[in-house]
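First comes the structure, then the notes that go with it.
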Amino acid sequence: MTKSIEIKKYCKSQQAQWDALVRASASGTFLFLRDYMEYHAHRFVDFSLMIYERNKLVALLPASRHDNKIVSHGGLTYGGFLALPELSSEKMLSIFDAVADYLRQQEIQTWEYKVVPYIYQLYPHAAEEYALYRLNATRIACNLSSAIDLATPLQYAELRRRCIKRAQKQGVTIHAENNFEPFWEILQDNLQERHGIKPVHSLQEITLLHNLFPNQIQLHTAMLNNKVVAGCVVYNTGRVAHAQYISASPEGKECGALDLLFAHLIENVYTSCRYFDFGISTEEGGNILNQGLLSQKEGFGARGVLYETYRIEL
């Protein structure tokens with residue numbers, strides 16, 4: 001282990017220091033703040049690490065332990081190193097090597113690493129992928145998301161424009177909501193019917209998270225005849241507006257409610273963000289592509305962003 005680098009496991013008393021570095025880092029979002037990470041603490045054995053150089057906190061690794069494996073992080077969509085912007089590529093390589101050595105000492109055999117997609121990064125961060133290459137990491141998941149660069153947006157496809165007009169003609173209205181229950185019923189019904197699964201967050205969990213982060217977690221709905229027919233839960237990191245949940249009732253699909261909703265979010269609500277990210281259109285780690293879903297997102301001018309996971313055998 002590099003002599004100037006010290007690694008310590010996170011403990012609750014260090015929450016203020018942890019959160020401060022998340023906010024100061026080059027790729028930190030509110031998902032890495034401890035209040036967000038710990039809403040599902042009962043599901044994971046936390047193994048988050050704090051990395052110091054000459055007694056100064058310079059980087060964090062959100063992580064959970066799963067027997068002799070760690071995942072950074074098992075409960076997050078992405079979760080690589082969070083480092084101060086001034087940290088050099090050379091130092092990042094040293095940190096990777098030092099953490100790998102530390103994990104071996106802890107009898108960890110496998111390290112799964114979820115790269116923070118570039119759209120969330122304030123500065124170029126390719127030293128991360130280079131370090132993974134040097135550690136002989138294997139890419140085990142490559143999910144395709146779709147994002148709009150709001151600085152240089154593309155035109156909507158003709159089909160999307162027609163659906164927007166249909167929704168407007170039928171009287172669909174768009175609203176910001178604090179009550180998640182009507183939308184959650186639609187979401188649960190769709191997920192159960194299509195995939196036989198439940199949302200990652202329960203209604204109680206998403207309501208709790210919204211109350212903890214009211215400016216970052218927002219629900220927008222489309223209504224027809226005073227009834228919610230579609231909705232989208234957006235995670236707003238400041239740089240990226242990410243559609244965390246999207247769903248519509250049969251009536252909402254018929255009237256084009258989601259198209260009008262997305263147009264409103266893109267053109268009116270999240271204009272201060274750099275990217276609007278629709279989320280992934282893949283399943284099973286990227287091995288299955290939902291072409292219809294991808295086409296719908298790309299109809300708004302969105303293009304591909306990768307969410308990658310690597311495995312390092314220690």
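Simple scheme: letters A, B, ... for chains in structure tokens order, numbers from 1 for residues in each chain, numbers from 1 for ligands in the order shown.
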List as a PDB file with N, CA and C atoms, in the first residue's frame the protein and nucleic acid residues near Asn211 in chain A, meaning an atom at most 12 Å away when only C-alpha atoms are counted, but skip any in the same chain fewer than 3 places from it.
```pdb
ATOM      1  N   ASP A  35     -27.773  10.205   4.179  1.00  0.00           N
ATOM      2  CA  ASP A  35     -29.215  10.114   4.416  1.00  0.00           C
ATOM      3  C   ASP A  35     -29.913   9.342   3.299  1.00  0.00           C
ATOM      4  N   TYR A  36     -29.395   9.454   2.072  1.00  0.00           N
ATOM      5  CA  TYR A  36     -29.980   8.674   0.989  1.00  0.00           C
ATOM      6  C   TYR A  36     -29.503   7.227   1.063  1.00  0.00           C
ATOM      7  N   TYR A  39     -31.262   4.864   3.779  1.00  0.00           N
ATOM      8  CA  TYR A  39     -32.692   4.553   3.875  1.00  0.00           C
ATOM      9  C   TYR A  39     -32.907   3.043   3.739  1.00  0.00           C
ATOM     10  N   ASN A 178     -46.913  15.996  -4.697  1.00  0.00           N
ATOM     11  CA  ASN A 178     -46.280  15.494  -3.480  1.00  0.00           C
ATOM     12  C   ASN A 178     -46.879  14.158  -3.036  1.00  0.00           C
ATOM     13  N   ASN A 179     -48.070  13.849  -3.550  1.00  0.00           N
ATOM     14  CA  ASN A 179     -48.734  12.590  -3.220  1.00  0.00           C
ATOM     15  C   ASN A 179     -48.363  11.551  -4.275  1.00  0.00           C
ATOM     16  N   PHE A 180     -47.567  10.555  -3.880  1.00  0.00           N
ATOM     17  CA  PHE A 180     -47.065   9.566  -4.825  1.00  0.00           C
ATOM     18  C   PHE A 180     -48.036   8.395  -5.035  1.00  0.00           C
ATOM     19  N   GLN A 204     -43.791   3.792   0.637  1.00  0.00           N
ATOM     20  CA  GLN A 204     -43.313   4.422   1.861  1.00  0.00           C
ATOM     21  C   GLN A 204     -41.873   4.914   1.696  1.00  0.00           C
ATOM     22  N   GLU A 205     -41.029   4.136   1.010  1.00  0.00           N
ATOM     23  CA  GLU A 205     -39.633   4.527   0.825  1.00  0.00           C
ATOM     24  C   GLU A 205     -39.503   5.742  -0.077  1.00  0.00           C
ATOM     25  N   ILE A 206     -40.211   5.760  -1.195  1.00  0.00           N
ATOM     26  CA  ILE A 206     -40.077   6.893  -2.107  1.00  0.00           C
ATOM     27  C   ILE A 206     -40.651   8.159  -1.472  1.00  0.00           C
ATOM     28  N   THR A 207     -41.691   8.013  -0.656  1.00  0.00           N
ATOM     29  CA  THR A 207     -42.246   9.169   0.060  1.00  0.00           C
ATOM     30  C   THR A 207     -41.244   9.689   1.083  1.00  0.00           C
ATOM     31  N   LEU A 208     -40.591   8.771   1.793  1.00  0.00           N
ATOM     32  CA  LEU A 208     -39.554   9.167   2.747  1.00  0.00           C
ATOM     33  C   LEU A 208     -38.427   9.907   2.041  1.00  0.00           C
ATOM     34  N   PRO A 214     -36.611  17.001  -1.020  1.00  0.00           N
ATOM     35  CA  PRO A 214     -37.747  17.512  -1.799  1.00  0.00           C
ATOM     36  C   PRO A 214     -37.351  18.258  -3.065  1.00  0.00           C
ATOM     37  N   ASN A 215     -36.157  18.839  -3.100  1.00  0.00           N
ATOM     38  CA  ASN A 215     -35.722  19.565  -4.294  1.00  0.00           C
ATOM     39  C   ASN A 215     -35.050  18.662  -5.319  1.00  0.00           C
ATOM     40  N   GLN A 216     -34.658  17.467  -4.890  1.00  0.00           N
ATOM     41  CA  GLN A 216     -33.959  16.552  -5.785  1.00  0.00           C
ATOM     42  C   GLN A 216     -34.854  15.418  -6.314  1.00  0.00           C
ATOM     43  N   ILE A 217     -35.833  15.004  -5.523  1.00  0.00           N
ATOM     44  CA  ILE A 217     -36.718  13.904  -5.929  1.00  0.00           C
ATOM     45  C   ILE A 217     -38.115  14.481  -6.117  1.00  0.00           C
ATOM     46  N   GLN A 218     -38.555  14.497  -7.369  1.00  0.00           N
ATOM     47  CA  GLN A 218     -39.797  15.190  -7.700  1.00  0.00           C
ATOM     48  C   GLN A 218     -40.683  14.315  -8.571  1.00  0.00           C
ATOM     49  N   LEU A 219     -41.969  14.358  -8.288  1.00  0.00           N
ATOM     50  CA  LEU A 219     -42.956  13.617  -9.071  1.00  0.00           C
ATOM     51  C   LEU A 219     -43.728  14.584  -9.953  1.00  0.00           C
TER      52      LEU A 219
END
```
(message) So that I can check the surroundings of range 16-26 of chain A, please list as a list in words every protein, DNA and RNA residue that reaches within 8 Å of it, counting only C-alpha atoms and ignoring chain neighbours fewer than 2 positions away.
(response) Ser13, Gln14, Gly28, Thr29, Phe30, Phe32, Leu33, Arg34, Met50, Leu57, Val58, Ala59, Leu60, Leu82, Ala83, Leu84, Pro85, Gln121, Leu122 and Tyr123 of chain A
(request) Would you please give, as an NGL selection string, all residues of range 72-216 of chain A that DSSP assigns to alpha helix (DSSP H) based on the backbone? (result) :A and (89-105 or 127-134 or 158-170 or 181-195 or 203-212)
Within 12 Å of range 291-297 of chain A: each range 228-257 of chain A residue with its shortest pair, only C-alpha atoms, as a tab-separated table:
```
residue	atom	partner	partner_atom	distance
A:Ala243	CA	A:Lys297	CA	11.1
A:Ile246	CA	A:Leu293	CA	11.2
A:Ser247	CA	A:Leu293	CA	11.9
A:Gly256	CA	A:Gln296	CA	11.7
```
Using C-alpha atoms, can you write the selected residues to a file as a JSON list (two decimals), in the first residue's frame?
```json
[["chain", "number", "residue", "atom", "x", "y", "z"],
["A", 243, "ALA", "CA", -36.15, 9.78, -14.99],
["A", 246, "ILE", "CA", -41.84, 6.29, -15.81],
["A", 247, "SER", "CA", -45.31, 4.79, -16.21],
["A", 256, "GLY", "CA", -50.15, 10.29, -25.45]]
```
Report the closest atom pair, with its distance in Å rounded to one decimal, for each residue of range 238-312 of chain A that has an atom no farther than 7 Å from range 220-234 of chain A; count only C-alpha atoms, sort by chain and then rising residue number, and write it as a tab-separated table.
```
residue	atom	partner	partner_atom	distance
A:Ala241	CA	A:Val234	CA	6.2
A:His242	CA	A:Val234	CA	5.4
A:Ala243	CA	A:Val234	CA	4.6
A:Gln244	CA	A:Val233	CA	5.5
A:Tyr245	CA	A:Val233	CA	5.0
A:Ile246	CA	A:Cys232	CA	4.5
A:Ser247	CA	A:Ala230	CA	5.7
A:Ala248	CA	A:Ala230	CA	3.9
A:Ser249	CA	A:Val229	CA	5.2
A:Glu251	CA	A:Val229	CA	6.4
A:Gly252	CA	A:Val229	CA	4.6
A:Ala257	CA	A:Ala222	CA	6.0
A:Leu258	CA	A:Ala230	CA	6.1
A:Leu261	CA	A:Ala222	CA	6.2
```
Can you spit out the residues from that selection as a PDB file, in the first residue's frame, using N, CA and C atoms?
```pdb
ATOM      1  N   ALA A 241     -31.017  15.585 -14.916  1.00  0.00           N
ATOM      2  CA  ALA A 241     -32.369  15.227 -14.504  1.00  0.00           C
ATOM      3  C   ALA A 241     -32.608  13.803 -14.999  1.00  0.00           C
ATOM      4  N   HIS A 242     -32.690  12.867 -14.060  1.00  0.00           N
ATOM      5  CA  HIS A 242     -32.779  11.445 -14.412  1.00  0.00           C
ATOM      6  C   HIS A 242     -34.187  10.932 -14.133  1.00  0.00           C
ATOM      7  N   ALA A 243     -34.817  10.354 -15.153  1.00  0.00           N
ATOM      8  CA  ALA A 243     -36.149   9.778 -14.987  1.00  0.00           C
ATOM      9  C   ALA A 243     -36.020   8.429 -14.274  1.00  0.00           C
ATOM     10  N   GLN A 244     -36.268   8.434 -12.985  1.00  0.00           N
ATOM     11  CA  GLN A 244     -36.088   7.229 -12.165  1.00  0.00           C
ATOM     12  C   GLN A 244     -37.225   6.241 -12.372  1.00  0.00           C
ATOM     13  N   TYR A 245     -38.455   6.739 -12.481  1.00  0.00           N
ATOM     14  CA  TYR A 245     -39.620   5.900 -12.738  1.00  0.00           C
ATOM     15  C   TYR A 245     -40.497   6.581 -13.778  1.00  0.00           C
ATOM     16  N   ILE A 246     -40.968   5.804 -14.746  1.00  0.00           N
ATOM     17  CA  ILE A 246     -41.843   6.288 -15.810  1.00  0.00           C
ATOM     18  C   ILE A 246     -42.972   5.276 -15.956  1.00  0.00           C
ATOM     19  N   SER A 247     -44.224   5.736 -16.013  1.00  0.00           N
ATOM     20  CA  SER A 247     -45.311   4.786 -16.210  1.00  0.00           C
ATOM     21  C   SER A 247     -46.583   5.519 -16.625  1.00  0.00           C
ATOM     22  N   ALA A 248     -47.452   4.795 -17.323  1.00  0.00           N
ATOM     23  CA  ALA A 248     -48.737   5.350 -17.752  1.00  0.00           C
ATOM     24  C   ALA A 248     -49.805   4.267 -17.682  1.00  0.00           C
ATOM     25  N   SER A 249     -51.016   4.658 -17.388  1.00  0.00           N
ATOM     26  CA  SER A 249     -52.152   3.739 -17.400  1.00  0.00           C
ATOM     27  C   SER A 249     -52.548   3.477 -18.858  1.00  0.00           C
ATOM     28  N   GLU A 251     -55.214   4.251 -20.309  1.00  0.00           N
ATOM     29  CA  GLU A 251     -55.810   5.497 -20.794  1.00  0.00           C
ATOM     30  C   GLU A 251     -54.727   6.521 -21.104  1.00  0.00           C
ATOM     31  N   GLY A 252     -53.709   6.574 -20.256  1.00  0.00           N
ATOM     32  CA  GLY A 252     -52.615   7.507 -20.491  1.00  0.00           C
ATOM     33  C   GLY A 252     -51.831   7.187 -21.738  1.00  0.00           C
ATOM     34  N   ALA A 257     -50.152  10.780 -23.076  1.00  0.00           N
ATOM     35  CA  ALA A 257     -49.882  11.610 -21.901  1.00  0.00           C
ATOM     36  C   ALA A 257     -48.390  11.717 -21.594  1.00  0.00           C
ATOM     37  N   LEU A 258     -47.646  10.613 -21.717  1.00  0.00           N
ATOM     38  CA  LEU A 258     -46.213  10.655 -21.396  1.00  0.00           C
ATOM     39  C   LEU A 258     -45.450  11.568 -22.347  1.00  0.00           C
ATOM     40  N   LEU A 261     -45.978  15.014 -21.169  1.00  0.00           N
ATOM     41  CA  LEU A 261     -45.262  15.176 -19.906  1.00  0.00           C
ATOM     42  C   LEU A 261     -43.766  15.375 -20.150  1.00  0.00           C
TER      43      LEU A 261
END
```
(message) Measuring between only C-alpha atoms, which one of A:Ser145, A:Ser27, A:Gln15, A:Thr282 shows the shortest distance to Phe81 in chain A?
(response) A:Ser27
(request) Fewer than 3 positions away in the same chain doesn't count, so skip those; otherwise give me all residues within 9 Å of range 95-107 of chain A, counting only C-alpha atoms, as number ranges by chain. (result) A: 1-2, 5-7, 49, 51, 59, 68-70, 81, 90-92, 110-111, 128, 131-132, 135, 312, 314
File dump, residues just selected, N, CA and C atoms, as a PDB file, in the first residue's frame:
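Ended up saving to out.pdb:
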```
ATOM      1  N   MET A   1       0.847  -1.195   0.000  1.00  0.00           N
ATOM      2  CA  MET A   1       0.000   0.000   0.000  1.00  0.00           C
ATOM      3  C   MET A   1       0.886   1.250   0.000  1.00  0.00           C
ATOM      4  N   THR A   2       0.483   2.228  -0.817  1.00  0.00           N
ATOM      5  CA  THR A   2       1.235   3.476  -0.855  1.00  0.00           C
ATOM      6  C   THR A   2       1.295   4.086   0.528  1.00  0.00           C
ATOM      7  N   ILE A   5      -1.008   6.980   1.660  1.00  0.00           N
ATOM      8  CA  ILE A   5      -2.443   6.759   1.577  1.00  0.00           C
ATOM      9  C   ILE A   5      -2.899   5.871   2.734  1.00  0.00           C
ATOM     10  N   GLU A   6      -3.940   6.315   3.425  1.00  0.00           N
ATOM     11  CA  GLU A   6      -4.530   5.550   4.518  1.00  0.00           C
ATOM     12  C   GLU A   6      -6.004   5.322   4.219  1.00  0.00           C
ATOM     13  N   ILE A   7      -6.484   4.114   4.503  1.00  0.00           N
ATOM     14  CA  ILE A   7      -7.863   3.749   4.210  1.00  0.00           C
ATOM     15  C   ILE A   7      -8.563   3.361   5.500  1.00  0.00           C
ATOM     16  N   LEU A  49     -15.685   3.107   2.235  1.00  0.00           N
ATOM     17  CA  LEU A  49     -14.318   3.434   2.622  1.00  0.00           C
ATOM     18  C   LEU A  49     -14.031   4.920   2.466  1.00  0.00           C
ATOM     19  N   ILE A  51     -10.729   7.500   2.091  1.00  0.00           N
ATOM     20  CA  ILE A  51      -9.322   7.442   1.697  1.00  0.00           C
ATOM     21  C   ILE A  51      -8.653   8.770   2.037  1.00  0.00           C
ATOM     22  N   ALA A  59     -10.819  11.091  -0.962  1.00  0.00           N
ATOM     23  CA  ALA A  59     -11.706  10.274  -1.790  1.00  0.00           C
ATOM     24  C   ALA A  59     -12.572   9.373  -0.913  1.00  0.00           C
ATOM     25  N   ASN A  68     -17.673 -12.673   0.561  1.00  0.00           N
ATOM     26  CA  ASN A  68     -16.282 -12.319   0.253  1.00  0.00           C
ATOM     27  C   ASN A  68     -16.163 -11.407  -0.965  1.00  0.00           C
ATOM     28  N   LYS A  69     -17.224 -10.679  -1.216  1.00  0.00           N
ATOM     29  CA  LYS A  69     -17.264  -9.737  -2.341  1.00  0.00           C
ATOM     30  C   LYS A  69     -17.731  -8.378  -1.844  1.00  0.00           C
ATOM     31  N   ILE A  70     -17.205  -7.299  -2.413  1.00  0.00           N
ATOM     32  CA  ILE A  70     -17.791  -5.982  -2.182  1.00  0.00           C
ATOM     33  C   ILE A  70     -18.308  -5.441  -3.514  1.00  0.00           C
ATOM     34  N   PHE A  81     -15.512   5.674  -7.219  1.00  0.00           N
ATOM     35  CA  PHE A  81     -14.827   6.602  -6.323  1.00  0.00           C
ATOM     36  C   PHE A  81     -15.382   8.020  -6.473  1.00  0.00           C
ATOM     37  N   GLU A  90      -2.525  10.227 -11.704  1.00  0.00           N
ATOM     38  CA  GLU A  90      -1.527   9.390 -11.051  1.00  0.00           C
ATOM     39  C   GLU A  90      -1.961   9.016  -9.642  1.00  0.00           C
ATOM     40  N   LYS A  91      -2.513   9.990  -8.916  1.00  0.00           N
ATOM     41  CA  LYS A  91      -2.963   9.709  -7.552  1.00  0.00           C
ATOM     42  C   LYS A  91      -4.174   8.774  -7.556  1.00  0.00           C
ATOM     43  N   MET A  92      -5.059   8.919  -8.544  1.00  0.00           N
ATOM     44  CA  MET A  92      -6.212   8.022  -8.629  1.00  0.00           C
ATOM     45  C   MET A  92      -5.759   6.581  -8.852  1.00  0.00           C
ATOM     46  N   THR A 110     -13.460 -10.534  -4.455  1.00  0.00           N
ATOM     47  CA  THR A 110     -14.021  -9.934  -5.673  1.00  0.00           C
ATOM     48  C   THR A 110     -14.512  -8.529  -5.380  1.00  0.00           C
ATOM     49  N   TRP A 111     -14.235  -7.626  -6.310  1.00  0.00           N
ATOM     50  CA  TRP A 111     -14.652  -6.226  -6.194  1.00  0.00           C
ATOM     51  C   TRP A 111     -15.446  -5.871  -7.444  1.00  0.00           C
ATOM     52  N   GLU A 128     -10.272   6.578 -14.086  1.00  0.00           N
ATOM     53  CA  GLU A 128     -11.013   5.498 -13.426  1.00  0.00           C
ATOM     54  C   GLU A 128     -11.021   4.249 -14.304  1.00  0.00           C
ATOM     55  N   ALA A 131      -7.538   2.782 -14.644  1.00  0.00           N
ATOM     56  CA  ALA A 131      -7.156   2.006 -13.463  1.00  0.00           C
ATOM     57  C   ALA A 131      -7.806   0.623 -13.488  1.00  0.00           C
ATOM     58  N   LEU A 132      -9.052   0.559 -13.925  1.00  0.00           N
ATOM     59  CA  LEU A 132      -9.734  -0.735 -14.033  1.00  0.00           C
ATOM     60  C   LEU A 132      -9.023  -1.637 -15.043  1.00  0.00           C
ATOM     61  N   LEU A 135      -5.944  -3.118 -13.546  1.00  0.00           N
ATOM     62  CA  LEU A 135      -6.237  -4.163 -12.563  1.00  0.00           C
ATOM     63  C   LEU A 135      -6.872  -5.398 -13.214  1.00  0.00           C
ATOM     64  N   ILE A 312     -13.340  -6.996 -10.523  1.00  0.00           N
ATOM     65  CA  ILE A 312     -11.913  -7.157 -10.285  1.00  0.00           C
ATOM     66  C   ILE A 312     -11.722  -8.365  -9.393  1.00  0.00           C
ATOM     67  N   LEU A 314      -9.471 -10.206  -6.959  1.00  0.00           N
ATOM     68  CA  LEU A 314      -8.361  -9.790  -6.113  1.00  0.00           C
ATOM     69  C   LEU A 314      -7.476 -10.970  -5.710  1.00  0.00           C
TER      70      LEU A 314
END
```
(request) Using CA of Ala141 in chain A and CA of Glu308 in chain A as the two end points, give the distance in Å to one decimal. (result) 5.5 Å
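Shortest separation to Ser72 in chain A among A:Tyr270, A:Tyr130, A:Phe300, A:Tyr113 occurs at residue A:Tyr113, atoms counted being only C-alpha atoms.
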(request) For CA of Asp277 in chain A and CA of Asp259 in chain A, quote the distance in Å rounded to one decimal. (result)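 The value is 14.9 Å.
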(message) Just checking: using only C-alpha atoms, which residue out of A:Thr138, A:Asn55, A:Ser202, A:Glu38 ends up closest to Gly75 in chain A?
(response)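 Among the listed residues, A:Glu38 lies closest to Gly75 in chain A.
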(message) Quick one: residues within 9 Å of Val240 in chain A, only C-alpha atoms, excluding same-chain residues fewer than 2 positions away - as number ranges by chain?
(response) A: 119-120, 235-238, 242, 270, 273-277
Put those residues in a file: C-alpha atoms, as a PDB file, in the first residue's frame.
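Below is the file that was written, selection.pdb:
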```pdb
ATOM      1  CA  ILE A 119     -22.904  12.828 -17.758  1.00  0.00           C
ATOM      2  CA  TYR A 120     -22.714  13.092 -13.947  1.00  0.00           C
ATOM      3  CA  TYR A 235     -33.950  12.548  -9.631  1.00  0.00           C
ATOM      4  CA  ASN A 236     -32.428  15.993 -10.141  1.00  0.00           C
ATOM      5  CA  THR A 237     -28.697  16.109  -9.382  1.00  0.00           C
ATOM      6  CA  GLY A 238     -28.342  19.656 -10.709  1.00  0.00           C
ATOM      7  CA  HIS A 242     -32.779  11.445 -14.412  1.00  0.00           C
ATOM      8  CA  TYR A 270     -35.267  21.052 -16.168  1.00  0.00           C
ATOM      9  CA  CYS A 273     -29.682  20.925 -16.164  1.00  0.00           C
ATOM     10  CA  ARG A 274     -27.094  19.900 -18.740  1.00  0.00           C
ATOM     11  CA  TYR A 275     -28.669  16.482 -19.429  1.00  0.00           C
ATOM     12  CA  PHE A 276     -32.086  14.863 -19.294  1.00  0.00           C
ATOM     13  CA  ASP A 277     -31.538  11.122 -18.819  1.00  0.00           C
TER      14      ASP A 277
END
```
